[in-house]
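K.L.:
First, the structure itself, so that you have it in front of you.
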Amino acid sequence: MSGEWPLWEVFVRPRRGLSHGHVGSLRAPDAVMALRNARDLYTRRQEGVSIWVVPATAITAASPDEKDAFFDPAADKVYRHPTFYEVPDGVRHL
Amino acid sequence: MYGNDGLLDEVEAAEEALRDAAGRRVVGSEGLDDYFTAVIEADQKIEPRDWMPDSYRKTLIRQIAQHAHSEIIGMQPEGNWISRAPSLKRKAILLAKVQDEAGHGLYLYAAAETLGVSRDELVQMLLEGRQKYSSIFNYPTLTWADVGAIGWLVDGAAIVNQVPLCRCSYGPYARAMIRICKEESFHQRQGYEILHTLAHGTGGQKAMAQDAVNRWWYPSLAMFGPPDADSTHSEQSMAWKIKRFSNDDLRQRFVDMCVQQAEVLGLTLPDPDLRWNEQRQAYDYTQPDYDELKRVISGDGPCNRQRTAHRRRAHAEGAWVREAAAAYAKKHAK
């Protein structure tokens, strides 16, 4: 069998004002075909007003094995949340 | 099990549960195996790059691939009637439905690929008969009424089977199933409408509708697989939350739904022993012929050879298109 078409990740913006969200992937020979296939595959019922296709190889993902080491440093920084601070009685608009 | 009104509500509920579970924290645990089990117990989703037992991965590849192949082969029995649909409206609807089946096949291939199997491998396994597809698609569509019966009974059975898969523990599969089930409900309704129209038409049309129901009833019951006692993969799949209900439970559920729907159609289900059982609060019914199911699965159904030959031919005849697209892409990549 001849070379497999590359894999593309598909992101769809459902409506104006919302961000593009990942909906799935597909195989296509090039970007233009990927975009057209994405339209036919993921928006047959007007699910979106905009589509991004990204070569799957262009995505660098954090490894789940390193999840703890990678994300834990944020866990003990409670002072990044407004609820950490005591608000004196009587103060307004804070 | 899910409520009587609205399998679609159940799909919505599954989608909501998916979001809820995503918001919960998995309790800390030691080791990969523990973590895997903890995620499943918390009703959270396993994602592609998570550690998973080899057998979990293999079971999912087998099941998702078989499901994808079924969607692809499933285009044939109905595609058979596109050129002969009785009106432009019916033709447009049937085209959209067959296009959906292709789309469902592609969602599922993409989901299977996240488990590390390649698209080429999957396609080859179907072409070479090394992986199966649903036995139901090896039955012929003899009349236009068969298109109605497929929509009502075959898609109906598929929905009953598939709605619980929206809660499957493997994220990409669950998400694909949510999308598929939402689209699938129009399939069942269009089939029901075809049968309803025929059943309220001329005597000949009604007889045609009844004949189609007679032929598709038992093969549809067989779609739920062998009885629980003989089901080889069920127990482990239930423990992994890939599967949520047993074959027999789902089959019963389907029978109970169909009885009233058949009454509205004014058609009868071809089972003289079908009757309400007050004690069980469910219908007693005649089991499908499981020997026939075994024969059809192992390659000896009415249309097995035809379906596979057609798929091979379509694949071979499309080769030049795939090659041309690849050549074009290569030329413009510079």
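In the structure tokens, chains take the letters A, B, ... in the order shown, each chain's residues start at 1, and ligands count up from 1 in the order shown.
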Could you build a table of the residues in chain A lying no more than 6 Å from chain B, giving for each the nearest pair of atoms and their separation in Å rounded to one decimal place, using only C-alpha atoms, ordered by chain and ascending residue number, as a Markdown table?

P.N.:
| residue | atom | partner | partner_atom | distance |
| --- | --- | --- | --- | --- |
| A:Ser25 | CA | B:Ala110 | CA | 6.0 |
| A:Pro29 | CA | B:Ala326 | CA | 5.3 |
| A:Asp30 | CA | B:Ala329 | CA | 5.4 |
| A:Leu41 | CA | B:Gly103 | CA | 5.6 |

K.L.:
Write out, as a CSV table (one decimal), in the first residue's frame, the residues just selected, with N, CA and C atoms.

P.N.:
chain,number,residue,atom,x,y,z
A,25,SER,N,-10.1,14.2,14.5
A,25,SER,CA,-9.0,14.2,13.6
A,25,SER,C,-9.4,13.6,12.3
A,29,PRO,N,-4.3,14.5,2.3
A,29,PRO,CA,-3.0,14.6,1.7
A,29,PRO,C,-2.4,16.0,1.9
A,30,ASP,N,-3.2,17.0,2.0
A,30,ASP,CA,-2.6,18.4,2.2
A,30,ASP,C,-3.6,19.2,3.0
A,41,LEU,N,-16.8,16.4,7.2
A,41,LEU,CA,-16.9,15.4,8.3
A,41,LEU,C,-17.4,15.9,9.6

K.L.:
Based on the backbone DSSP call, show me all residues of range 59-300 of chain B assigned strand (DSSP E or B), as JSON, numbers by chain.

P.N.:
{"B": [170, 275, 276, 277, 282, 283, 284]}

K.L.:
Would you mind reading off the distance between CA of Met223 in chain B and CA of Ala316 in chain B, one decimal, in Å?

P.N.:
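Interatomic distance here is 29.6 Å.
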
K.L.:
Kindly give the distance, in Å, that separates CA of Tyr285 in chain B and CA of Ser298 in chain B, rounded to a single decimal.

P.N.:
25.8 Å

K.L.:
Could you jot down the CA of Ser83 in chain B to CA of Thr141 in chain B separation for me, Å, one decimal place?

P.N.:
13.5 Å

K.L.:
Please report, as a PyMOL selection string, each residue of chain A to which DSSP assigns helix (DSSP H, G or I) when run on this structure's backbone.

P.N.:
chain A and resi 31-42+56-58+64-74+78-80+82-84

K.L.:
Write a file of the just-selected residues containing C-alpha atoms, as a short mmCIF file (atom, residue, chain, number, x, y, z; two decimals), in the first residue's frame.

P.N.:
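So the final result, stored in again.cif, reads:
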data_model
loop_
_atom_site.label_atom_id
_atom_site.label_comp_id
_atom_site.auth_asym_id
_atom_site.auth_seq_id
_atom_site.Cartn_x
_atom_site.Cartn_y
_atom_site.Cartn_z
CA ALA A 31 -4.00 21.33 4.15
CA VAL A 32 -6.60 22.36 1.58
CA MET A 33 -8.04 18.86 1.36
CA ALA A 34 -7.90 18.56 5.14
CA LEU A 35 -9.99 21.70 5.47
CA ARG A 36 -12.56 20.51 2.94
CA ASN A 37 -12.73 17.07 4.49
CA ALA A 38 -13.12 18.64 7.91
CA ARG A 39 -16.08 20.64 6.64
CA ASP A 40 -17.74 17.49 5.26
CA LEU A 41 -16.89 15.37 8.27
CA TYR A 42 -17.39 17.65 11.26
CA ALA A 56 -0.91 16.31 14.15
CA THR A 57 2.90 16.21 13.99
CA ALA A 58 3.02 19.96 14.67
CA PRO A 64 0.82 12.42 31.17
CA ASP A 65 3.69 10.64 32.98
CA GLU A 66 5.13 14.00 33.96
CA LYS A 67 1.75 15.45 34.80
CA ASP A 68 2.49 15.84 38.50
CA ALA A 69 5.94 17.33 38.17
CA PHE A 70 4.72 19.57 35.39
CA PHE A 71 1.61 21.00 36.96
CA ASP A 72 2.16 20.64 40.70
CA PRO A 73 4.21 23.84 41.13
CA ALA A 74 0.94 25.76 40.71
CA VAL A 78 -2.98 29.73 46.69
CA TYR A 79 -2.12 33.42 46.85
CA ARG A 80 -2.86 33.57 43.11
CA PRO A 82 -8.48 36.37 45.21
CA THR A 83 -10.09 34.22 47.90
CA PHE A 84 -6.68 33.95 49.61
#

K.L.:
So that I can see what lies close to Tyr139 in chain B, please list as a list in words the residues with an atom at most 10 Å from it, counting only C-alpha atoms and leaving out residues fewer than 3 positions away in the same chain.

P.N.:
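Surrounding residues, per the criterion: Pro77, Ser135, Ile136, Leu142, Arg215, Trp216, Pro219, Val296, Gly301, Pro302, Cys303, Asn304 and Arg307 of chain B.
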
K.L.:
List as a list in words the protein and nucleic acid residues near Leu221 in chain B, meaning an atom at most 10 Å away when only C-alpha atoms are counted, but skip any in the same chain fewer than 3 places from it.

P.N.:
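Contacts, in chain order: Ile136, Leu153, Val154, Ala157, Trp216, Trp217, Tyr218, Phe224, Gly225, Pro226, Asp248, Leu250, Arg251, Gln252, Phe254, Val255, Thr286, Gln287, Pro288, Asp289 and Tyr290 of chain B.
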
K.L.:
Could you give me, as a ChimeraX atom specification, the residues within 10 Å of Ala262 in chain B, counting only C-alpha atoms and dropping anything in the same chain fewer than 5 positions from it?

P.N.:
/B:152,192,195-196,213,257,267-269
